[in-house]
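Trainee: Please see the structure below; I have some questions.
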2 protein chains.
Amino acid sequence: MAGRADANRRRIMDIALTELLRDPDASMDQIARAAGVVRRTVYGHFPSREALMSALVDDAANAVELAQAEALRDVDDPAKALARSMLAAWEIADGYRLLISLAQRSVTVEGIHRRLEPVRRECAAMLQRGLDEGRFVSPLPAIALAYVREQVLFGLMQAVNDGVLAPADAGRSVAVTALTAAGVPAVEAEELVAGLTAAP
Amino acid sequence: MAGRADANRRRIMDIALTELLRDPDASMDQIARAAGVVRRTVYGHFPSREALMSALVDDAANAVELAQAEALRDVDDPAKALARSMLAAWEIADGYRLLISLAQRSVTVEGIHRRLEPVRRECAAMLQRGLDEGRFVSPLPAIALAYVREQVLFGLMQAVNDGVLAPADAGRSVAVTALTAAGVPAVEAEELVAGLTAAP
DNA sequence: CAGATCTTGCACATCGTTGTGCAATTACAC
DNA sequence: GTGTAATTGCACAACGATGTGCAAGATCTG
């Protein structure tokens, strides 16, 4: 197998992602087997467990940052921006979920929180603007609302995983829920999201 | 130390709770040291790690069930009931957080999900009634809303932990946020919660 | 004080995981 | 085909965690 090392590396990372989502403590052996490969081979691509995790986290963080930057490029209306960011995040749900899931157990990977800080900060800025303009209404400070946004996303990913929420148009529901959690009237939120998803 | 074994057992469980919240993988040694005791002593009270976890989970689940049953005893107004349940859950936040935190890594303790199922079901029933009556407005099914409720709670516990949310009247904010996430107008939600906390 | 009850401080066996080394084997490219 | 690069299949050392055994010590109760 010459030259196909890159493809193998990618496949290992993909499988590792899903395995680590299932169990953040999945061993290198579990990951390797799931990827149809022997443990030793994984070590051929990644010198250590940490290295594999880092590569995964890096990928995911980049995707999240990129998606959010795109969604918040011009904040005409904070509510619209929030909806866009939710829809964008939902698209790359797996990577996002990995970050959140790993960030909750700070033991293994150091610096995930640091890595995600700019994302949260930028999101909080948008939320703050919405609060200032009266578009959002909440007793929570903007940064805490950013936490809520993150967890709403996470919770509904799990709901889909557990089969209690149909994946079909879950993205829309997620966006609506985030808006209402920020104090946007429910009807308005539904209309706004409907408008966004109908005419992208 | 004769007879004081019970007190020690309680102290170990209390410390174990906070240690496991900090790190779900805390070793028996870490827990023992944190409790000012030698590892061997912990094994004197709990035959295995599993046993300790089970005792913890049992305590927490009982507290959560009890608190929710009390809060949902008579659902005059679903919104008021939801607010009550959030305030009640916030009171026993630590135990609740342990359950959610451990439930996410189902490896160690089997049956947390099963244990919490009645709680979620009862909550979903209340949410469903609110949706039927038009008190709540959401594109999500009631059960998914229950997931959101859970995660809002969890997210804001973390926010308090991280120091970005003042613990003072966080309980009120949590309740308001859950209400707005369920589609209750923000102003109405604030008034309702204010009324509940002013005159209990 | 005496005695029952816990706690302590080791020692030990066991297990699973990580990371490395190296020779044999496989599969692709030219 | 032949060579090159990757994968495999062991073996091994090192760690850390769990769970147990037992003798010595501390501490409260009566």
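To be explicit about the labels: the chains of the structure tokens are called A, B, and onward in the order shown, and within each one the residues are counted from 1, while ligands get numbers from 1 in the order they are shown.
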As a PDB file with C-alpha atoms (C1' of nucleotides), in the first residue's frame, could you give me every residue of chain D near chain B (at most 12 Å apart, counting only C-alpha atoms (C1' of nucleotides))?

Mentor:
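Once everything was written out, this is iface_22.pdb:
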ATOM      1  C1'  DG D  16      -1.433   3.649  36.886  1.00  0.00           C
ATOM      2  C1'  DA D  17      -5.680   1.912  38.866  1.00  0.00           C
ATOM      3  C1'  DT D  18      -8.346  -1.569  41.229  1.00  0.00           C
ATOM      4  C1'  DG D  19      -9.170  -4.662  44.887  1.00  0.00           C
ATOM      5  C1'  DT D  20      -7.393  -7.562  49.031  1.00  0.00           C
ATOM      6  C1'  DG D  21      -4.875  -9.030  53.259  1.00  0.00           C
ATOM      7  C1'  DG D  25      -2.389   2.127  65.600  1.00  0.00           C
ATOM      8  C1'  DA D  26      -5.851   5.577  66.998  1.00  0.00           C
ATOM      9  C1'  DT D  27     -10.350   6.842  69.120  1.00  0.00           C
ATOM     10  C1'  DC D  28     -14.627   6.774  71.157  1.00  0.00           C
ATOM     11  C1'  DT D  29     -18.041   4.127  74.556  1.00  0.00           C
TER      12       DT D  29
END

Trainee: Please determine the contact residues of chain C with respect to chain B at a cut-off of 12 Å, counting only C-alpha atoms (C1' of nucleotides), and supply them as a PyMOL selection string.

Mentor: chain C and resi 3-10

Trainee: Return the neighbours of chain B among the residues of chain A, cut-off 6 Å, counting only C-alpha atoms, as an MDAnalysis selection string.

Mentor: chainID A and resid 139 147:148 151:152 155 173 177 180:181 183 185:186

Trainee: Just want the 12 Å neighbourhood of D:DA11, counted on only C-alpha atoms (C1' of nucleotides), with same-chain residues fewer than 5 positions away dropped. Output as a PyMOL selection string.

Mentor: chain C and resi 20-23

Trainee: Would you write out those residues with C-alpha atoms (C1' of nucleotides), as a PDB file, in the first residue's frame?

Mentor:
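See selection.pdb below for the written result:
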ATOM      1  C1'  DT C  20       8.313   0.983  21.131  1.00  0.00           C
ATOM      2  C1'  DG C  21      11.075  -2.399  18.457  1.00  0.00           C
ATOM      3  C1'  DC C  22      11.648  -5.399  14.723  1.00  0.00           C
ATOM      4  C1'  DA C  23      11.039  -8.892  11.345  1.00  0.00           C
TER       5       DA C  23
END
